[in-house]
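Enquirer: The structure's right below; bear with me while I get my questions together.
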Amino acid sequence: MSLPSADPHPEARTILMPAQARLRNAGIDSAALDARLLLGIALGRDDAVLPHEALVDWTAEHSLAFATILDRRLAGEPISRIRGWREFWSLRLELSPDTLDPRPDSETIVAAALSWAGARQAEALRLLDLGTGSGALLLACLSELPRASGVGIDISAGAV
């Protein structure tokens, strides 16, 4: 994807609009947000780029990086995999090819565990997470139970 002008400070929308159109044409419902997040990734940021932002010191390297990750998204790769991390229960968890991408609906398991812990939150609980993968469930519980300790076990060395 090439930039329409040689402006070193283009407005983000000049890059986002064509990307959004490509994503939308590929059937990606979250095209606008995905394009903004991907542009942020290409710029080395964790946040989404706003359309009105001036992209200070935009380079050919940024353009190439954006085109590359846009192609990955168009091929069906999730944003979290492109980033290499996903937020889960307000925690930033790194992902690898050996871990599953933590799903937001898995947070209901954390909520159920915390509900079970209820009045026991002040106790030194011990938690065990078998098949822990990214550790999302265990780490979320431990973040809410300050006196608890836990062990996560997984058959995959890459996940651990």
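Ordered as shown in the structure tokens, chains take letters A, B, and onward, while each chain numbers its residues from 1 and ligands are numbered from 1 in the order shown.
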Output as a Markdown table one row per residue of stretch 65-104 of chain A within 12 Å of stretch 143-154 of chain A: the closest atom pair and its distance in Å to one decimal place, counting only C-alpha atoms, sorted by chain and residue number ascending.

Expert:
```
| residue | atom | partner | partner_atom | distance |
| --- | --- | --- | --- | --- |
| A:Phe88 | CA | A:Ser143 | CA | 11.3 |
| A:Trp89 | CA | A:Ser143 | CA | 9.0 |
| A:Ser90 | CA | A:Ser143 | CA | 9.4 |
| A:Leu91 | CA | A:Ser143 | CA | 8.6 |
| A:Arg92 | CA | A:Ser143 | CA | 12.0 |
| A:Asp98 | CA | A:Asp154 | CA | 10.4 |
| A:Thr99 | CA | A:Asp154 | CA | 10.0 |
```

Enquirer: Could you write out the selected residues, including C-alpha atoms, as a tab-separated table (two decimals), in the first residue's frame?

Expert:
```
chain	number	residue	atom	x	y	z
A	88	PHE	CA	-7.69	-10.22	29.43
A	89	TRP	CA	-9.20	-9.14	32.76
A	90	SER	CA	-7.22	-5.88	32.49
A	91	LEU	CA	-3.97	-7.84	32.16
A	92	ARG	CA	-1.74	-7.73	29.09
A	98	ASP	CA	1.79	-22.46	21.54
A	99	THR	CA	-1.02	-20.64	23.34
```

Enquirer: Among chain A, which ones does DSSP place in strand (DSSP E), written as an MDAnalysis selection string?

Expert: chainID A and resid 85:88 91:94 126:130 149:153

Enquirer: Keeping only all heavy atoms, write the selected residues as a compact mmCIF listing (two decimals), in the first residue's frame.

Expert:
```txt
# COMPACT_ATOMS: atom_id res chain seq x y z
N TRP A 85 0.01 -9.92 21.69
CA TRP A 85 -0.55 -9.88 23.04
C TRP A 85 -2.05 -9.62 22.97
O TRP A 85 -2.57 -9.19 21.95
CB TRP A 85 0.11 -8.81 23.90
CG TRP A 85 -0.02 -7.40 23.40
CD1 TRP A 85 0.83 -6.75 22.55
CD2 TRP A 85 -1.06 -6.46 23.70
NE1 TRP A 85 0.39 -5.47 22.32
CE2 TRP A 85 -0.76 -5.25 23.01
CE3 TRP A 85 -2.20 -6.50 24.49
CZ2 TRP A 85 -1.57 -4.12 23.09
CZ3 TRP A 85 -3.01 -5.36 24.56
CH2 TRP A 85 -2.69 -4.20 23.87
N ARG A 86 -2.71 -9.92 24.10
CA ARG A 86 -4.14 -9.66 24.21
C ARG A 86 -4.44 -9.23 25.64
O ARG A 86 -3.86 -9.76 26.58
CB ARG A 86 -4.95 -10.89 23.88
CG ARG A 86 -6.45 -10.64 24.00
CD ARG A 86 -7.24 -11.78 23.43
NE ARG A 86 -8.62 -11.44 23.35
CZ ARG A 86 -9.29 -11.29 22.22
NH1 ARG A 86 -8.68 -11.45 21.08
NH2 ARG A 86 -10.56 -11.00 22.23
N GLU A 87 -5.35 -8.31 25.78
CA GLU A 87 -5.78 -7.91 27.11
C GLU A 87 -6.86 -8.88 27.58
O GLU A 87 -7.76 -9.25 26.82
CB GLU A 87 -6.34 -6.49 27.11
CG GLU A 87 -6.68 -6.02 28.50
CD GLU A 87 -7.11 -4.57 28.55
OE1 GLU A 87 -6.50 -3.75 27.86
OE2 GLU A 87 -8.05 -4.29 29.30
N PHE A 88 -6.72 -9.31 28.82
CA PHE A 88 -7.69 -10.22 29.43
C PHE A 88 -7.78 -9.83 30.90
O PHE A 88 -6.77 -9.81 31.60
CB PHE A 88 -7.21 -11.68 29.28
CG PHE A 88 -8.16 -12.70 29.86
CD1 PHE A 88 -9.21 -13.19 29.11
CD2 PHE A 88 -7.99 -13.15 31.16
CE1 PHE A 88 -10.08 -14.13 29.64
CE2 PHE A 88 -8.86 -14.09 31.70
CZ PHE A 88 -9.91 -14.58 30.95
N LEU A 91 -5.37 -7.42 32.17
CA LEU A 91 -3.97 -7.84 32.16
C LEU A 91 -3.52 -7.96 30.71
O LEU A 91 -4.27 -8.43 29.86
CB LEU A 91 -3.79 -9.19 32.86
CG LEU A 91 -4.26 -9.29 34.31
CD1 LEU A 91 -4.22 -10.73 34.77
CD2 LEU A 91 -3.39 -8.42 35.19
N ARG A 92 -2.30 -7.59 30.44
CA ARG A 92 -1.74 -7.73 29.09
C ARG A 92 -0.98 -9.05 29.05
O ARG A 92 0.04 -9.22 29.73
CB ARG A 92 -0.80 -6.57 28.80
CG ARG A 92 -0.22 -6.63 27.42
CD ARG A 92 0.59 -5.39 27.19
NE ARG A 92 1.38 -5.52 26.00
CZ ARG A 92 1.82 -4.50 25.30
NH1 ARG A 92 1.56 -3.28 25.67
NH2 ARG A 92 2.55 -4.70 24.24
N LEU A 93 -1.47 -9.99 28.27
CA LEU A 93 -0.89 -11.33 28.19
C LEU A 93 -0.22 -11.54 26.84
O LEU A 93 -0.82 -11.30 25.79
CB LEU A 93 -1.96 -12.39 28.40
CG LEU A 93 -2.72 -12.31 29.72
CD1 LEU A 93 -3.83 -13.34 29.76
CD2 LEU A 93 -1.79 -12.48 30.90
N GLU A 94 1.03 -11.99 26.88
CA GLU A 94 1.74 -12.30 25.65
C GLU A 94 1.19 -13.59 25.05
O GLU A 94 0.81 -14.51 25.76
CB GLU A 94 3.23 -12.45 25.93
CG GLU A 94 3.90 -11.14 26.26
CD GLU A 94 5.40 -11.28 26.41
OE1 GLU A 94 6.00 -12.19 25.79
OE2 GLU A 94 5.97 -10.47 27.15
N ARG A 126 -4.83 -21.52 47.54
CA ARG A 126 -3.89 -22.09 46.58
C ARG A 126 -4.69 -22.51 45.36
O ARG A 126 -5.66 -23.25 45.47
CB ARG A 126 -3.14 -23.27 47.20
CG ARG A 126 -2.24 -22.81 48.34
CD ARG A 126 -1.41 -23.92 48.90
NE ARG A 126 -2.27 -24.96 49.43
CZ ARG A 126 -1.86 -26.16 49.80
NH1 ARG A 126 -0.59 -26.48 49.70
NH2 ARG A 126 -2.70 -27.05 50.28
N LEU A 127 -4.24 -22.04 44.19
CA LEU A 127 -4.95 -22.29 42.94
C LEU A 127 -4.11 -23.15 42.02
O LEU A 127 -2.89 -22.99 41.95
CB LEU A 127 -5.28 -20.97 42.24
CG LEU A 127 -5.97 -19.90 43.08
CD1 LEU A 127 -6.13 -18.62 42.28
CD2 LEU A 127 -7.32 -20.39 43.58
N LEU A 128 -4.77 -24.04 41.30
CA LEU A 128 -4.10 -24.90 40.33
C LEU A 128 -4.82 -24.76 38.99
O LEU A 128 -6.04 -24.88 38.91
CB LEU A 128 -4.16 -26.37 40.79
CG LEU A 128 -3.61 -27.41 39.81
CD1 LEU A 128 -2.12 -27.18 39.56
CD2 LEU A 128 -3.87 -28.81 40.35
N ASP A 129 -4.05 -24.49 37.95
CA ASP A 129 -4.60 -24.34 36.60
C ASP A 129 -3.93 -25.38 35.71
O ASP A 129 -2.76 -25.24 35.33
CB ASP A 129 -4.34 -22.93 36.09
CG ASP A 129 -5.00 -22.63 34.74
OD1 ASP A 129 -5.69 -23.52 34.20
OD2 ASP A 129 -4.81 -21.51 34.24
N LEU A 130 -4.66 -26.43 35.40
CA LEU A 130 -4.15 -27.50 34.54
C LEU A 130 -4.44 -27.14 33.08
O LEU A 130 -5.55 -26.77 32.74
CB LEU A 130 -4.81 -28.83 34.90
CG LEU A 130 -4.56 -29.31 36.33
CD1 LEU A 130 -5.39 -30.55 36.62
CD2 LEU A 130 -3.09 -29.58 36.56
N SER A 149 -1.88 -17.95 46.08
CA SER A 149 -0.76 -18.36 45.25
C SER A 149 -1.28 -19.38 44.26
O SER A 149 -2.34 -19.97 44.46
CB SER A 149 0.38 -18.96 46.11
OG SER A 149 -0.08 -20.12 46.77
N GLY A 150 -0.55 -19.58 43.19
CA GLY A 150 -1.05 -20.50 42.19
C GLY A 150 0.04 -21.14 41.37
O GLY A 150 1.17 -20.65 41.31
N VAL A 151 -0.32 -22.27 40.77
CA VAL A 151 0.57 -23.02 39.89
C VAL A 151 -0.19 -23.28 38.60
O VAL A 151 -1.33 -23.74 38.63
CB VAL A 151 1.01 -24.35 40.53
CG1 VAL A 151 1.82 -25.18 39.56
CG2 VAL A 151 1.79 -24.09 41.81
N GLY A 152 0.47 -22.98 37.49
CA GLY A 152 -0.09 -23.30 36.19
C GLY A 152 0.76 -24.36 35.53
O GLY A 152 1.98 -24.26 35.51
N ILE A 153 0.11 -25.39 35.01
CA ILE A 153 0.81 -26.52 34.39
C ILE A 153 0.27 -26.70 32.97
O ILE A 153 -0.94 -26.60 32.74
CB ILE A 153 0.58 -27.82 35.20
CG1 ILE A 153 1.15 -27.65 36.61
CG2 ILE A 153 1.20 -29.02 34.49
CD1 ILE A 153 0.80 -28.80 37.54
```

Enquirer: Take atom CA of A:Glu107 and atom CA of A:Ser80 and report the distance between them in Å, one decimal.

Expert: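 Here the two named atoms are 16.6 Å from each other.
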
Enquirer: Given the choices A:Gly158, A:Gly118, A:Pro97, A:Gly40, which gets closest to A:Cys141 if the distance is worked out from only C-alpha atoms?

Expert: A:Gly118

Enquirer: Might you pull out every residue within 9 Å of A:Ala19, with only C-alpha atoms counted and same-chain residues fewer than 5 positions away left off, and present them as a list of chain:residue names?

Expert: A:Met1, A:Arg24, A:Ala31, A:Ala32, A:Ala35, A:Ala67, A:Leu70

Enquirer: Between A:Phe66, A:Ala75, A:Gly27, A:Thr14, which is the closest to A:Pro51 once you count only C-alpha atoms?

Expert: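 Closest to A:Pro51, using only C-alpha atoms: A:Thr14.
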
Enquirer: Go through A:Arg103, A:Arg83, A:Arg73, A:His52 one by one, measure the shortest atom-to-atom distance of each to A:Arg22 using only C-alpha atoms, and give the residue with the smallest value.

Expert: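 The closest residue to A:Arg22 is A:Arg73.
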